[in-house]
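Undergrad: What follows is query-v3.cif, mmCIF, C-alpha atoms.
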```cif
data_my_file
loop_
_atom_site.group_PDB
_atom_site.id
_atom_site.type_symbol
_atom_site.label_atom_id
_atom_site.label_comp_id
_atom_site.auth_asym_id
_atom_site.auth_seq_id
_atom_site.Cartn_x
_atom_site.Cartn_y
_atom_site.Cartn_z
ATOM 1 C CA MET B 1 -4.833 -3.223 -42.035
ATOM 2 C CA LYS B 2 -5.104 -3.626 -38.246
ATOM 3 C CA LYS B 3 -6.009 -7.294 -38.530
ATOM 4 C CA GLY B 4 -3.093 -7.815 -40.893
ATOM 5 C CA MET B 5 -0.680 -6.217 -38.395
ATOM 6 C CA LEU B 6 -2.071 -8.302 -35.527
ATOM 7 C CA PHE B 7 -1.852 -11.472 -37.616
ATOM 8 C CA GLY B 8 1.748 -10.609 -38.473
ATOM 9 C CA LEU B 9 2.686 -10.086 -34.809
ATOM 10 C CA VAL B 10 1.072 -13.344 -33.734
ATOM 11 C CA THR B 11 2.733 -15.206 -36.623
ATOM 12 C CA PHE B 12 6.100 -13.693 -35.690
ATOM 13 C CA ALA B 13 5.679 -14.739 -32.052
ATOM 14 C CA ALA B 14 4.718 -18.272 -33.080
ATOM 15 C CA ALA B 15 7.755 -18.488 -35.357
ATOM 16 C CA CYS B 16 10.025 -17.339 -32.547
ATOM 17 C CA ALA B 17 8.549 -19.998 -30.272
ATOM 18 C CA GLY B 18 9.700 -22.638 -32.737
ATOM 19 C CA ILE B 19 13.232 -21.216 -32.781
ATOM 20 C CA SER B 20 13.758 -20.752 -29.059
ATOM 21 C CA PRO B 21 14.868 -23.924 -27.261
ATOM 22 C CA ARG B 22 13.769 -22.562 -23.888
ATOM 23 C CA ALA B 23 10.820 -20.194 -24.117
ATOM 24 C CA GLN B 24 9.835 -19.904 -20.495
ATOM 25 C CA ALA B 25 9.505 -16.906 -18.288
ATOM 26 C CA SER B 26 11.915 -16.685 -15.397
ATOM 27 C CA SER B 27 10.187 -17.140 -12.071
ATOM 28 C CA SER B 28 12.982 -16.131 -9.700
ATOM 29 C CA VAL B 29 13.152 -12.355 -10.288
ATOM 30 C CA SER B 30 11.030 -9.621 -11.711
ATOM 31 C CA GLU B 31 11.106 -9.139 -15.457
ATOM 32 C CA ARG B 32 11.010 -5.875 -17.341
ATOM 33 C CA TRP B 33 9.691 -5.668 -20.878
ATOM 34 C CA ARG B 34 9.691 -2.700 -23.280
ATOM 35 C CA GLY B 35 7.948 -2.187 -26.566
ATOM 36 C CA PHE B 36 4.760 -0.727 -27.921
ATOM 37 C CA MET B 37 0.994 -1.047 -28.029
ATOM 38 C CA LEU B 38 -0.807 -0.424 -31.313
ATOM 39 C CA ARG B 39 -4.383 0.934 -31.175
ATOM 40 C CA ASN B 40 -6.405 2.922 -33.677
ATOM 41 C CA GLY B 41 -3.331 3.164 -35.886
ATOM 42 C CA LEU B 42 -1.278 4.788 -33.113
ATOM 43 C CA GLN B 43 1.869 3.168 -31.735
ATOM 44 C CA VAL B 44 2.416 3.979 -28.044
ATOM 45 C CA PRO B 45 5.632 3.051 -26.182
ATOM 46 C CA ILE B 46 4.935 0.956 -23.063
ATOM 47 C CA ALA B 47 6.905 -0.868 -20.387
ATOM 48 C CA VAL B 48 5.646 -3.855 -18.396
ATOM 49 C CA GLU B 49 7.115 -5.278 -15.207
ATOM 50 C CA LEU B 50 6.076 -8.757 -14.114
ATOM 51 C CA ALA B 51 7.084 -10.397 -10.829
ATOM 52 C CA GLU B 52 6.318 -13.738 -9.252
ATOM 53 C CA THR B 53 5.449 -13.571 -5.568
ATOM 54 C CA SER B 54 4.932 -17.014 -4.050
ATOM 55 C CA ALA B 55 2.641 -18.765 -6.524
ATOM 56 C CA ASP B 56 1.055 -15.559 -7.843
ATOM 57 C CA TRP B 57 2.183 -13.030 -10.423
ATOM 58 C CA THR B 58 1.887 -9.251 -10.116
ATOM 59 C CA GLY B 59 2.672 -6.511 -12.568
ATOM 60 C CA ARG B 60 2.680 -2.868 -13.580
ATOM 61 C CA LEU B 61 2.282 -1.178 -16.943
ATOM 62 C CA ARG B 62 3.967 2.141 -17.601
ATOM 63 C CA VAL B 63 3.086 4.661 -20.304
ATOM 64 C CA GLY B 64 5.215 7.779 -20.149
ATOM 65 C CA SER B 65 5.396 8.848 -16.511
ATOM 66 C CA SER B 66 2.193 6.990 -15.517
ATOM 67 C CA SER B 67 2.441 3.571 -13.903
ATOM 68 C CA LEU B 68 -0.630 1.432 -13.200
ATOM 69 C CA PRO B 69 -1.023 -1.949 -11.467
ATOM 70 C CA LEU B 70 -2.084 -4.912 -13.580
ATOM 71 C CA GLU B 71 -4.819 -7.329 -12.560
ATOM 72 C CA HIS B 72 -5.336 -11.062 -13.174
ATOM 73 C CA VAL B 73 -1.703 -11.631 -14.150
ATOM 74 C CA ARG B 74 -0.945 -15.173 -15.394
ATOM 75 C CA VAL B 75 2.316 -16.388 -16.873
ATOM 76 C CA THR B 76 2.734 -19.882 -18.295
ATOM 77 C CA GLY B 77 5.565 -21.528 -20.217
ATOM 78 C CA LEU B 78 4.639 -19.848 -23.500
ATOM 79 C CA GLY B 79 1.810 -17.481 -22.641
ATOM 80 C CA VAL B 80 0.955 -14.375 -20.686
ATOM 81 C CA HIS B 81 -2.325 -12.726 -19.683
ATOM 82 C CA PHE B 82 -2.897 -9.535 -17.739
ATOM 83 C CA GLU B 83 -5.572 -6.896 -17.511
ATOM 84 C CA LEU B 84 -5.386 -3.146 -17.172
ATOM 85 C CA PRO B 85 -8.637 -1.719 -15.785
ATOM 86 C CA GLY B 86 -10.297 0.527 -18.342
ATOM 87 C CA GLU B 87 -7.920 -0.516 -21.127
ATOM 88 C CA GLY B 88 -8.644 -4.212 -21.652
ATOM 89 C CA ALA B 89 -7.066 -7.648 -21.461
ATOM 90 C CA PHE B 90 -3.628 -8.401 -22.881
ATOM 91 C CA ASP B 91 -3.132 -11.974 -24.145
ATOM 92 C CA GLY B 92 0.191 -12.906 -25.661
ATOM 93 C CA THR B 93 2.813 -15.472 -26.505
ATOM 94 C CA VAL B 94 6.253 -15.488 -24.907
ATOM 95 C CA ALA B 95 9.153 -16.732 -27.042
ATOM 96 C CA GLY B 96 12.587 -16.287 -25.520
ATOM 97 C CA ASN B 97 13.065 -12.542 -25.050
ATOM 98 C CA TRP B 98 9.999 -11.594 -27.122
ATOM 99 C CA MET B 99 6.351 -11.193 -26.173
ATOM 100 C CA ALA B 100 3.539 -10.286 -28.575
ATOM 101 C CA GLY B 101 -0.225 -10.531 -28.615
ATOM 102 C CA SER B 102 -3.567 -8.805 -28.688
ATOM 103 C CA VAL B 103 -5.342 -6.248 -26.545
ATOM 104 C CA SER B 104 -9.064 -6.885 -26.312
ATOM 105 C CA SER B 105 -11.300 -4.011 -25.382
ATOM 106 C CA SER B 106 -14.809 -3.013 -26.279
ATOM 107 C CA ALA B 107 -13.613 0.515 -27.062
ATOM 108 C CA ALA B 108 -10.464 -0.060 -29.127
ATOM 109 C CA PRO B 109 -8.892 -3.482 -29.665
ATOM 110 C CA GLY B 110 -5.217 -3.568 -30.574
ATOM 111 C CA SER B 111 -1.943 -5.435 -30.293
ATOM 112 C CA PHE B 112 1.330 -5.251 -28.408
ATOM 113 C CA ALA B 113 4.935 -6.353 -28.911
ATOM 114 C CA LEU B 114 7.613 -6.299 -26.197
ATOM 115 C CA THR B 115 11.210 -7.371 -25.692
ATOM 116 C CA ARG B 116 12.701 -8.459 -22.378
ATOM 117 C CA GLU B 117 15.220 -6.063 -20.844
ATOM 118 C CA VAL B 118 18.415 -7.911 -20.020
ATOM 119 C CA GLU B 119 20.087 -6.675 -16.854
ATOM 120 C CA GLN B 120 23.805 -6.027 -17.008
ATOM 121 C CA ALA B 121 25.759 -7.973 -14.380
ATOM 122 C CA PHE B 122 28.386 -5.249 -14.037
ATOM 123 C CA ALA B 123 28.565 -1.686 -15.247
ATOM 124 C CA ASP B 124 31.150 -0.761 -17.884
ATOM 125 C CA PRO B 125 34.052 0.740 -15.901
ATOM 126 C CA THR B 126 35.062 3.032 -18.778
ATOM 127 C CA THR B 127 31.669 4.716 -18.985
ATOM 128 C CA SER B 128 30.378 4.473 -15.404
ATOM 129 C CA LEU B 129 30.609 7.438 -13.111
ATOM 130 C CA GLY B 130 32.297 6.640 -9.832
ATOM 131 C CA PRO B 131 31.665 7.984 -6.332
#
```
Translate the structure described by the file into structure tokens.
TA:
Amino acid sequence: MKKGMLFGLVTFAAACAGISPRAQASSSVSERWRGFMLRNGLQVPIAVELAETSADWTGRLRVGSSSLPLEHVRVTGLGVHFELPGEGAFDGTVAGNWMAGSVSSSAAPGSFALTREVEQAFADPTTSLGP
């Protein structure tokens, strides 16, 4: 069942890569991604922030109110890799505003699927609270 779910996520990401005309990560600003990690049959909501500083990438992973720095962050045109100490290595495919892949760990391998948060240029004046 777990392998089937992982295969489905990877297949979905590969299909999205074929649809998206420009499947590259933006390198000018930080990117925020939200989604879930699936391990041992449990789906856990996560958020990932990736930022390019000079030629290097940095990142943080948030679960609930905990936020931890990522290590060995690499972002390429269609791929992403980062590691969370004690949790494993995340290897995925980026396709437009989607990211999905596997989590390798000796304790509990799993998968993840995230969508890019799109920042609003301006707040909606009818719903925003003013000064």
Undergrad: From the options B:Thr53, B:Gln43, B:Thr115, B:Thr93, which residue's atoms come nearest to Gly77 in chain B, counting all atoms listed in the file?
TA: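 Closest to Gly77 in chain B, using all atoms listed in the file: B:Thr93.
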Undergrad: If you apply the PyMOL selection byres ((chain B and resi 62) around 12) to this file, what residues do you get, as a list in words?
TA: Arg32, Trp33, Arg34, Gly35, Phe36, Met37, Val44, Pro45, Ile46, Ala47, Val48, Glu49, Leu50, Gly59, Arg60, Leu61, Val63, Gly64, Ser65, Ser66, Ser67, Leu68, Pro69, Leu70 and Leu84 of chain B
Undergrad: How many Å lie between CA of Phe112 in chain B and CA of Val80 in chain B, rounded to one decimal?
TA: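 About the pair CA of Phe112 in chain B and CA of Val80 in chain B: they are 12.0 Å apart.
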Undergrad: From the list B:His72, B:Arg116, B:Leu42, B:Thr58, which residue is nearest Ala95 in chain B when using only C-alpha atoms?
TA: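 Using only C-alpha atoms, Ala95 in chain B sits closest to B:Arg116.
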Undergrad: What is the CA of Trp57 in chain B to CA of Ser111 in chain B distance in Å?
TA: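 Those two atoms sit 21.7 Å apart.
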Undergrad: Between CA of Gly96 in chain B and CA of Ala113 in chain B, what is the spacing in Å?
TA: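 According to the coordinates, CA of Ala113 in chain B and CA of Gly96 in chain B are separated by 13.0 Å.
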Undergrad: From the list B:Val118, B:Ser30, B:Leu38, B:Glu52, which residue is nearest Ala100 in chain B when using all atoms listed in the file?
TA: B:Leu38
Undergrad: Using only C-alpha atoms, collect all residues at a distance of at most 12 Å from (-10.6, -3.9, -30.1) as written in the file, then present them as a PDB file with C-alpha atoms, in the frame of the given file.
TA:
```
ATOM      1  CA  LYS B   2      -5.104  -3.626 -38.246  1.00  0.00           C
ATOM      2  CA  LYS B   3      -6.009  -7.294 -38.530  1.00  0.00           C
ATOM      3  CA  LEU B   6      -2.071  -8.302 -35.527  1.00  0.00           C
ATOM      4  CA  LEU B  38      -0.807  -0.424 -31.313  1.00  0.00           C
ATOM      5  CA  ARG B  39      -4.383   0.934 -31.175  1.00  0.00           C
ATOM      6  CA  ASN B  40      -6.405   2.922 -33.677  1.00  0.00           C
ATOM      7  CA  GLY B  41      -3.331   3.164 -35.886  1.00  0.00           C
ATOM      8  CA  GLU B  87      -7.920  -0.516 -21.127  1.00  0.00           C
ATOM      9  CA  GLY B  88      -8.644  -4.212 -21.652  1.00  0.00           C
ATOM     10  CA  ALA B  89      -7.066  -7.648 -21.461  1.00  0.00           C
ATOM     11  CA  PHE B  90      -3.628  -8.401 -22.881  1.00  0.00           C
ATOM     12  CA  SER B 102      -3.567  -8.805 -28.688  1.00  0.00           C
ATOM     13  CA  VAL B 103      -5.342  -6.248 -26.545  1.00  0.00           C
ATOM     14  CA  SER B 104      -9.064  -6.885 -26.312  1.00  0.00           C
ATOM     15  CA  SER B 105     -11.300  -4.011 -25.382  1.00  0.00           C
ATOM     16  CA  SER B 106     -14.809  -3.013 -26.279  1.00  0.00           C
ATOM     17  CA  ALA B 107     -13.613   0.515 -27.062  1.00  0.00           C
ATOM     18  CA  ALA B 108     -10.464  -0.060 -29.127  1.00  0.00           C
ATOM     19  CA  PRO B 109      -8.892  -3.482 -29.665  1.00  0.00           C
ATOM     20  CA  GLY B 110      -5.217  -3.568 -30.574  1.00  0.00           C
ATOM     21  CA  SER B 111      -1.943  -5.435 -30.293  1.00  0.00           C
TER      22      SER B 111
END
```
